[in-house]
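Here is the structure we will look at.
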Amino acid sequence: MKNYNIRVAEDKDFPYIINLIKDLARFEKAEEKVINTPELMKEEKNLFGCFVVEKEDGEVIGMALYFFAYFTWVGKSLYLDDLYVKPEYRGEGIGTALLDEIFKLAKKENCRRLRWQVLNWNERAIDLYKKVGATIDNEWSNCDFDYDQIQNFK
């Protein structure tokens with residue numbers, strides 16, 4: 001299937017992106033953790049970028065949401081926060097095509113690192129990332145505080 005287009009997301013795509021994020025969260029068994037909304041995305045759109053995959057009929061079937069970061073050891077970096085393709089469209093090269101766009105952007109922006117995370121049980125994603133040459137680090141652990149924890153800190 002090559003009846004799709006990858007393009008930069010626009011404000012009108014935010015409801016579709018949120019639906020994809022919720023689909024991903026369901027897959028990761030964490031749907032209740034999604035508190036983002038299209039309205040919040042619109043308010044904070046200067047903090048992230050996103051590519052969407054759109055079928056010829058206009059349906060958004062995938063996305064790659066990213067932001068720029070600064071890592072002290074290397075400098076300017078690109079962080080791929082979520083890459084998601086609807087299940088019925090997987091295996092058709094769409095995820096790889098999204099990664100291609102992310103790599104083009106990282107090169108264009110002269111990033112010194114491209115980073116993302118993958119759940120250790122998501123073997124299909126791990127296989128894709130290994131196939132494209134990613135180094136998968138099992139040594140580091142995430143340290144997270146959610147909104148309430150931040151508000152209640154000390």
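By order of appearance in the structure tokens: chains A, B, ..., then residues from 1 within every chain, and ligands from 1 in the order shown.
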
### Message
Taking 6 positions as the minimum chain separation for residues in the same chain, which residues sit within 7 Å of range 98-107 of chain A when counting only C-alpha atoms? Answer as a PyMOL selection string.
### Response
chain A and resi 64+78+114

### Message
Need to verify the contact set: range 123-140 of chain A, 9 Å, only C-alpha atoms, exclusion of same-chain residues closer than 6 positions in sequence. Can you return it as a PyMOL selection string?
### Response
chain A and resi 95-96+99+117

### Message
So that I can check the secondary structure, give me every residue of range 29-141 of chain A assigned helix (DSSP H, G or I) by backbone DSSP, as JSON, numbers by chain.
### Response
{"A": [31, 32, 33, 38, 39, 40, 41, 42, 43, 45, 46, 47, 87, 88, 89, 94, 95, 96, 97, 98, 99, 100, 101, 102, 103, 104, 105, 106, 107, 108, 123, 124, 125, 126, 127, 128, 129, 130, 131]}

### Message
Between CA of Glu31 in chain A and CA of Asn142 in chain A, what is the distance in Å, rounded to a tenth?
### Response
18.6 Å

### Query
CA of Asp144 in chain A and CA of Pro15 in chain A are how many Å apart?
25.7 Å

### Between CA of Asp82 in chain A and CA of Phe48 in chain A, distance in Å (one decimal)
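Taking CA of Asp82 in chain A as the start and CA of Phe48 in chain A as the end point, the length is 11.3 Å.
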
### Task
Could you please write out, as a PyMOL selection string, every residue of chain A that DSSP assigns to strand (DSSP E)?
chain A and resi 4-8+49-55+60-71+75-85+113-115

### Message
Would you pick out the contacts of Asn36 in chain A at 10 Å or less, using only C-alpha atoms, so that residues sharing its chain but fewer than 6 positions from it are not included, and give the list as an NGL selection string?
### Response
:A and (18 or 21-22)

### Of the listed residues A:Trp116, A:Phe153, A:Tyr66, A:Tyr89, that which approaches Tyr4 in chain A most closely, counting only C-alpha atoms
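Answer, going by the shortest atom-to-atom distance: A:Tyr89.
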
### Message
Given only C-alpha atoms as the basis, pick out the residue of A:Phe145, A:Asn122, A:Val53, A:Val60 nearest to Gly93 in chain A.
### Response
A:Val53

### Nearest to Tyr70 in chain A by atom-to-atom distance, counting only C-alpha atoms, from A:Phe14, A:Arg115, A:Trp121, A:Asp57
A:Arg115

### Query
Which one of A:Val8, A:Val118, A:Leu80, A:Ile35 sits closest to Glu54 in chain A if you count only C-alpha atoms?
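Answer, going by the shortest atom-to-atom distance: A:Val8.
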
### 12 Å contact set for Asn19 in chain A, only C-alpha atoms, chain neighbours under 4 positions out, as a ChimeraX atom specification
/A:13-15,23-26,31,34-38,59-63,84-86

Keeping N, CA and C atoms for every residue in the selection just given, could you write it to a file as a PDB file, in the first residue's frame?
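Saved to selection_10.pdb:
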```pdb
ATOM      1  N   ASP A  13      -5.241  18.453  12.702  1.00  0.00           N
ATOM      2  CA  ASP A  13      -4.917  17.042  12.925  1.00  0.00           C
ATOM      3  C   ASP A  13      -4.892  16.658  14.395  1.00  0.00           C
ATOM      4  N   PHE A  14      -4.895  17.637  15.291  1.00  0.00           N
ATOM      5  CA  PHE A  14      -4.731  17.332  16.716  1.00  0.00           C
ATOM      6  C   PHE A  14      -5.762  16.334  17.255  1.00  0.00           C
ATOM      7  N   PRO A  15      -7.061  16.430  16.893  1.00  0.00           N
ATOM      8  CA  PRO A  15      -8.003  15.399  17.379  1.00  0.00           C
ATOM      9  C   PRO A  15      -7.637  13.988  16.891  1.00  0.00           C
ATOM     10  N   ASP A  23      -5.004   5.218  21.202  1.00  0.00           N
ATOM     11  CA  ASP A  23      -4.862   3.849  20.678  1.00  0.00           C
ATOM     12  C   ASP A  23      -3.547   3.236  21.161  1.00  0.00           C
ATOM     13  N   LEU A  24      -2.472   4.009  21.070  1.00  0.00           N
ATOM     14  CA  LEU A  24      -1.168   3.538  21.525  1.00  0.00           C
ATOM     15  C   LEU A  24      -1.190   3.252  23.025  1.00  0.00           C
ATOM     16  N   ALA A  25      -1.799   4.141  23.794  1.00  0.00           N
ATOM     17  CA  ALA A  25      -1.874   3.950  25.244  1.00  0.00           C
ATOM     18  C   ALA A  25      -2.681   2.686  25.589  1.00  0.00           C
ATOM     19  N   ARG A  26      -3.753   2.421  24.841  1.00  0.00           N
ATOM     20  CA  ARG A  26      -4.517   1.178  25.054  1.00  0.00           C
ATOM     21  C   ARG A  26      -3.634  -0.033  24.782  1.00  0.00           C
ATOM     22  N   GLU A  31      -4.070   3.488  29.090  1.00  0.00           N
ATOM     23  CA  GLU A  31      -4.952   4.514  28.532  1.00  0.00           C
ATOM     24  C   GLU A  31      -5.316   5.595  29.549  1.00  0.00           C
ATOM     25  N   VAL A  34      -3.360   9.046  29.724  1.00  0.00           N
ATOM     26  CA  VAL A  34      -3.425  10.091  28.697  1.00  0.00           C
ATOM     27  C   VAL A  34      -4.326  11.216  29.200  1.00  0.00           C
ATOM     28  N   ILE A  35      -3.720  12.375  29.464  1.00  0.00           N
ATOM     29  CA  ILE A  35      -4.494  13.540  29.884  1.00  0.00           C
ATOM     30  C   ILE A  35      -4.418  14.665  28.853  1.00  0.00           C
ATOM     31  N   ASN A  36      -3.651  14.467  27.804  1.00  0.00           N
ATOM     32  CA  ASN A  36      -3.509  15.459  26.752  1.00  0.00           C
ATOM     33  C   ASN A  36      -4.826  15.586  25.993  1.00  0.00           C
ATOM     34  N   THR A  37      -5.046  16.767  25.400  1.00  0.00           N
ATOM     35  CA  THR A  37      -6.246  17.045  24.613  1.00  0.00           C
ATOM     36  C   THR A  37      -5.848  17.822  23.367  1.00  0.00           C
ATOM     37  N   PRO A  38      -6.727  17.860  22.368  1.00  0.00           N
ATOM     38  CA  PRO A  38      -6.433  18.697  21.198  1.00  0.00           C
ATOM     39  C   PRO A  38      -6.258  20.171  21.577  1.00  0.00           C
ATOM     40  N   GLU A  59      -8.008  10.037   5.802  1.00  0.00           N
ATOM     41  CA  GLU A  59      -7.915   9.390   7.112  1.00  0.00           C
ATOM     42  C   GLU A  59      -6.462   9.398   7.595  1.00  0.00           C
ATOM     43  N   VAL A  60      -6.265   9.825   8.842  1.00  0.00           N
ATOM     44  CA  VAL A  60      -4.932   9.823   9.455  1.00  0.00           C
ATOM     45  C   VAL A  60      -4.728   8.454  10.096  1.00  0.00           C
ATOM     46  N   ILE A  61      -3.705   7.720   9.625  1.00  0.00           N
ATOM     47  CA  ILE A  61      -3.506   6.330  10.055  1.00  0.00           C
ATOM     48  C   ILE A  61      -2.212   6.115  10.839  1.00  0.00           C
ATOM     49  N   GLY A  62      -1.434   7.168  11.010  1.00  0.00           N
ATOM     50  CA  GLY A  62      -0.189   7.024  11.752  1.00  0.00           C
ATOM     51  C   GLY A  62       0.426   8.375  12.042  1.00  0.00           C
ATOM     52  N   MET A  63       1.413   8.362  12.929  1.00  0.00           N
ATOM     53  CA  MET A  63       2.070   9.618  13.294  1.00  0.00           C
ATOM     54  C   MET A  63       3.410   9.347  13.951  1.00  0.00           C
ATOM     55  N   TYR A  84       3.469   5.741  15.865  1.00  0.00           N
ATOM     56  CA  TYR A  84       2.331   4.824  15.917  1.00  0.00           C
ATOM     57  C   TYR A  84       1.682   4.724  14.544  1.00  0.00           C
ATOM     58  N   VAL A  85       1.386   3.502  14.163  1.00  0.00           N
ATOM     59  CA  VAL A  85       0.640   3.210  12.941  1.00  0.00           C
ATOM     60  C   VAL A  85      -0.516   2.308  13.354  1.00  0.00           C
ATOM     61  N   LYS A  86      -1.719   2.626  12.867  1.00  0.00           N
ATOM     62  CA  LYS A  86      -2.876   1.793  13.192  1.00  0.00           C
ATOM     63  C   LYS A  86      -2.569   0.336  12.839  1.00  0.00           C
TER      64      LYS A  86
END
```

### Query
In terms of the shortest atom-to-atom distance over only C-alpha atoms, which of A:Ile17, A:Ile94, A:Cys111, A:Ala9 is closest to Gly49 in chain A?
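Comparing A:Ile17, A:Ile94, A:Cys111, A:Ala9 against Gly49 in chain A, the winner is A:Ala9.
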